[in-house]
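Everything below concerns the one structure shown next.
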Amino acid sequence: MISRILAWLADGAHWQGDDGILRRVVEHLEYSVTALLIAALIAIPLGLYIGHTGRGRFLVVNALGAARAIPSLGLLFLAFLWLGPKLSGDIAFLAPAGLVLVVLAIPPILSGTYAGVEGVDPAARDAAVGMGMRGTEVLCHVELPCALPLILSGTRSAMLQVIATATIAAVVGLGGLGRFLIDGLAVRDTPQTASGAVLVAILALLVDMALALVQRLVVSPGLTGRYGKVSPTDAETGTAIPASALQQSV
Amino acid sequence: MTWLRGHFFDVLSLAGQHIYLAGVPLVLGLLIALPLGWLACRYRVLYPFLIIGTGLLYTIPSLALFIMLPLLLGTRILDPINVLIAMTIYTVALLVRTVADGLGSVPDVVNQAATAMGYKRVRRFMSVELPLAVPVISAGLRVAAVSNVSIVSVATLIGVSQLGSLFIDGFNRAFMDPILVGVVACVLLALLFDLAILGGTRLLTPWQRAGKASS
C-alpha cells in the first residue's frame, strides 16, 4: 500500500495544474490561515480582557465547553444550507467553511489567553504596579509577554485543528487537500485518498513546526529558561500544549 | 420539529451507536494511557519522548486516520472497528500527558508517608498515587470525551452510522431539521459524558467534599 501511495505522490502530473497538489496546498493554507487570523483577532483581545479583569469568566468558560462540543461537520452543513442561498458566487461556499473554522479555532486560543494572563506570577504584577505602571501598561508590558507561551500554544493547537478540519470543506465543494480525500473516496481511488491523508498530516506537522519556531523567537528568553538561571516553564518542553487547550474536531 | 417526532427512535438508536463509538475508546484509551503516563512520570528521561510522541498522534486529521487505518490494519473500510481504534488513538494522545502530570502532582511527602507505612510500589500506586491523581486525570478525560463525541460524527463520511449520519441525510436533501437535531444531540451527549465523568470523580474523591464541608 505504501508503495502505491509513494507512486501516486511521485507522479509529476498529480502536482501541477488547477487541481494539482501544489494548488490544493495553497488553498488549504489560505482557508486555514485566514480562519486562524480572524479567530485570533476575536479571541486574544477577549481573553486578555477576561484574564486581566476576571469579568465574564464563568460565562465564557461554559460557553467554550459547549462550543467545543459542536460537531464541525454538522455546523458546516447548517451554515451552508442557511448562508448559501443568501450569498452568491464563491463567497457562498467560503463563508460557511470559514465560519466553522473560526468557531473551531476560538476556544483553544481564548482559553490559552485567559489562562496565560491569570497564571502570571502575582509578584511580577505587583512589581509592575509598584514601578508605577497603569492597568493597560501592566497588561501590555507584563501580562501579555508573560502569557505569550500559553497564548501561542493555544494558537498552535487551534492551527492543528483548523488544518485537520479544513479537509471537510471539500464536502461542500471547496478546494484544499480534502478534495483528494473526498474525491478519492467517491471513486474508490485508494492511493489518491491515502495520499491526501498523508499530505494533510505532513502539512499539519510542518505548520506546527513553523509555529514552534515562531514561539521560540518571540517568547522572552527570560521565560523559557534559555537565559540565565530561571525556573523552567511550559515553554521549554517544545510541545507546550496544555491538555485543556487541546481539542480536535475532525 | 415534526421531523423529530417521526424519527425519534431512529435518532435514539443513532445516539446509542454514538455513545458506543465515543465511550468505549475513552475507557480503552485511559487504560492504555495509565501505564504510559506512569512511565513518563516515573522516568523523567522518557517524559519528553512519550509526551511529544503521543502528542504527534493528535496531528493526524481524523478523516485521514479513518481512511488510513483499514489500509494499515487490513480491516474492511466500513468496519466500525476502525473508528474505535482511531478514537482510542486520539484518547491516548490526549491522556498520556494528563496522567503523567496528574501522577506528578502527588506531593512527595505523601508518597514518603505511604512508603513509611509499609506500602509496596504496586499497592502505593493503586491506593495512594492513582486516587490522588484522579482530579487531574478526570479533567483530561472530560476534554477527551467532548473531543471524541465531536470527532466520531466525521465517521459518517466513511459510512459508519451514528449521529453524524443525520448531517449527511439532511445535507443531501437540503433539509435542515435532521442536521439541527444531530448537532443538538451531539452537544447533549457531550454534556452527558461530562456529567458522568464529574459524577465518577465525585464518587472517587470523597476527601475533596469532606474538606469543603468542614471549612
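Convention: chains lettered A, B, ... in C-alpha cells order; per-chain residue numbering from 1; ligands numbered from 1 as shown.
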Subject >> Distance query Val181 of chain B at most 9 Å, only C-alpha atoms, self and fewer than 5 positions along chain excluded, as an MDAnalysis selection string >> reply: chainID B and resid 1 4 11 163 166:167 176 186
Restricting the output to C-alpha atoms, write the selected residues as a PDB file, in the first residue's frame.
ATOM      1  CA  MET B   1     -39.793  19.602  14.994  1.00  0.00           C
ATOM      2  CA  LEU B   4     -38.015  14.692  15.292  1.00  0.00           C
ATOM      3  CA  VAL B  11     -32.283   9.307  16.464  1.00  0.00           C
ATOM      4  CA  LEU B 163     -25.475  10.855  14.903  1.00  0.00           C
ATOM      5  CA  LEU B 166     -28.149  12.823  10.245  1.00  0.00           C
ATOM      6  CA  PHE B 167     -25.826  15.525   8.864  1.00  0.00           C
ATOM      7  CA  MET B 176     -32.067  21.449   7.994  1.00  0.00           C
ATOM      8  CA  CYS B 186     -24.114  15.718  19.903  1.00  0.00           C
TER       9      CYS B 186
END
**OP:** Tell me, as number ranges by chain, which residues lie within 9 Å of segment 16-28 of chain A, counting only C-alpha atoms; anything in the same chain fewer than 5 positions away does not count.
**Re:** A: 9, 33, 163, 166-167, 175-180, 196, 199-200, 203
Find the residues of segment 4-75 of chain B that sit at most 12 Å from segment 193-201 of chain B; for each, write down the nearest two atoms and how far apart they are in Å, to one decimal. Count only C-alpha atoms. Sort by chain, then by number going up, and give it as a tab-separated table.
residue	atom	partner	partner_atom	distance
B:His18	CA	B:Phe193	CA	11.5
B:Ile19	CA	B:Phe193	CA	8.8
B:Tyr20	CA	B:Phe193	CA	11.6
B:Ala22	CA	B:Phe193	CA	9.5
B:Gly23	CA	B:Phe193	CA	8.3
B:Val24	CA	B:Phe193	CA	11.9
B:Leu26	CA	B:Phe193	CA	10.2
B:Val27	CA	B:Ile197	CA	11.3
Convert the current residue selection to file output with C-alpha atoms, as a PDB file, in the first residue's frame.
ATOM      1  CA  HIS B  18     -22.572   7.338  19.016  1.00  0.00           C
ATOM      2  CA  ILE B  19     -22.197   6.614  22.738  1.00  0.00           C
ATOM      3  CA  TYR B  20     -20.658   3.238  21.923  1.00  0.00           C
ATOM      4  CA  ALA B  22     -17.135   7.558  21.610  1.00  0.00           C
ATOM      5  CA  GLY B  23     -17.352   5.841  25.009  1.00  0.00           C
ATOM      6  CA  VAL B  24     -15.552   2.527  24.520  1.00  0.00           C
ATOM      7  CA  LEU B  26     -12.485   6.580  26.151  1.00  0.00           C
ATOM      8  CA  VAL B  27     -12.156   3.624  28.530  1.00  0.00           C
TER       9      VAL B  27
END
Original post:
Could you list, as a PyMOL selection string, every residue of chain B that has an atom within 7 Å of an atom of chain A, counting only C-alpha atoms?
Top reply: chain B and resi 52+59-64+67-68+94+98+140+143+146-147+150-151+153-154+167+171+174+176+179+183+186-187+190
Go ahead and dump the residues you just picked, C-alpha atoms, as a compact mmCIF listing (two decimals), in the first residue's frame.
# COMPACT_ATOMS: atom_id res chain seq x y z
CA ILE B 52 5.76 14.63 22.16
CA THR B 59 -1.92 15.99 14.48
CA ILE B 60 -3.34 13.27 12.20
CA PRO B 61 -6.66 14.56 10.83
CA SER B 62 -9.47 12.21 11.82
CA LEU B 63 -10.85 11.80 8.31
CA ALA B 64 -7.33 10.84 7.20
CA ILE B 67 -9.32 6.19 5.85
CA MET B 68 -5.76 5.05 6.53
CA LEU B 94 -4.71 13.48 24.96
CA THR B 98 -2.63 14.37 31.75
CA GLY B 140 -8.18 15.48 30.87
CA VAL B 143 -11.60 17.17 27.31
CA VAL B 146 -16.03 16.15 24.37
CA SER B 147 -13.43 15.78 21.65
CA SER B 150 -17.35 15.63 18.14
CA ILE B 151 -14.82 13.62 16.11
CA SER B 153 -19.53 12.36 13.80
CA VAL B 154 -16.97 12.64 10.98
CA PHE B 167 -25.83 15.53 8.86
CA PHE B 171 -27.38 17.81 3.59
CA ALA B 174 -31.10 20.27 1.71
CA MET B 176 -32.07 21.45 7.99
CA ILE B 179 -28.80 18.36 10.89
CA VAL B 183 -25.92 18.90 16.30
CA CYS B 186 -24.11 15.72 19.90
CA VAL B 187 -23.87 18.65 22.29
CA ALA B 190 -21.04 15.61 25.25
Original post:
Which parts of segment 36-100 of chain B does DSSP call helix (DSSP H, G or I) when run on the backbone here, written out as an MDAnalysis selection string?
Top reply: chainID B and resid 36:42 46:57 62:73 80:100
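Of note, atom CA of Ser111 of chain A and atom CA of Val184 of chain B are spaced 23.2 Å apart.
Taking atom CA of Ser127 of chain B and atom CA of Arg97 of chain B as endpoints, the distance between them is 20.9 Å.
Proximity to Tyr49 of chain A was assessed for A:Leu110, A:Leu94, A:Leu29, A:Leu211 counting only C-alpha atoms; the smallest distance is recorded for A:Leu110.
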**OP:** Determine, counting only C-alpha atoms, which protein, DNA and RNA residues have an atom within 8 Å of an atom of Val134 of chain B; residues of the same chain fewer than 3 positions away are not included. Present the result as a count of residues only.
**Re:** 8
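If you count only C-alpha atoms and ignore residues fewer than 6 places along the chain from segment 112-122 of chain B, what sits within 12 Å of it is Trp38, Arg42, Val106, Val128, Glu129 and Leu130 of chain B.
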Can those selected residues be exported to a file as a PDB file, in the first residue's frame so that it contains N, CA and C atoms?
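The resulting selection-v1.pdb:
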ATOM      1  N   TRP B  38       2.391   6.690  33.602  1.00  0.00           N
ATOM      2  CA  TRP B  38       3.187   6.327  34.771  1.00  0.00           C
ATOM      3  C   TRP B  38       4.672   6.278  34.404  1.00  0.00           C
ATOM      4  N   ARG B  42       7.460   8.451  36.099  1.00  0.00           N
ATOM      5  CA  ARG B  42       8.448   7.761  36.923  1.00  0.00           C
ATOM      6  C   ARG B  42       9.856   7.976  36.370  1.00  0.00           C
ATOM      7  N   VAL B 106       1.175  14.520  42.698  1.00  0.00           N
ATOM      8  CA  VAL B 106       1.051  13.945  44.040  1.00  0.00           C
ATOM      9  C   VAL B 106       2.269  14.379  44.857  1.00  0.00           C
ATOM     10  N   VAL B 128      -2.757   5.035  46.679  1.00  0.00           N
ATOM     11  CA  VAL B 128      -2.367   6.389  47.089  1.00  0.00           C
ATOM     12  C   VAL B 128      -2.190   7.315  45.878  1.00  0.00           C
ATOM     13  N   GLU B 129      -1.262   6.950  44.994  1.00  0.00           N
ATOM     14  CA  GLU B 129      -0.937   7.870  43.888  1.00  0.00           C
ATOM     15  C   GLU B 129      -2.097   8.043  42.921  1.00  0.00           C
ATOM     16  N   LEU B 130      -2.679   6.912  42.474  1.00  0.00           N
ATOM     17  CA  LEU B 130      -3.740   6.983  41.471  1.00  0.00           C
ATOM     18  C   LEU B 130      -4.972   7.751  41.985  1.00  0.00           C
TER      19      LEU B 130
END
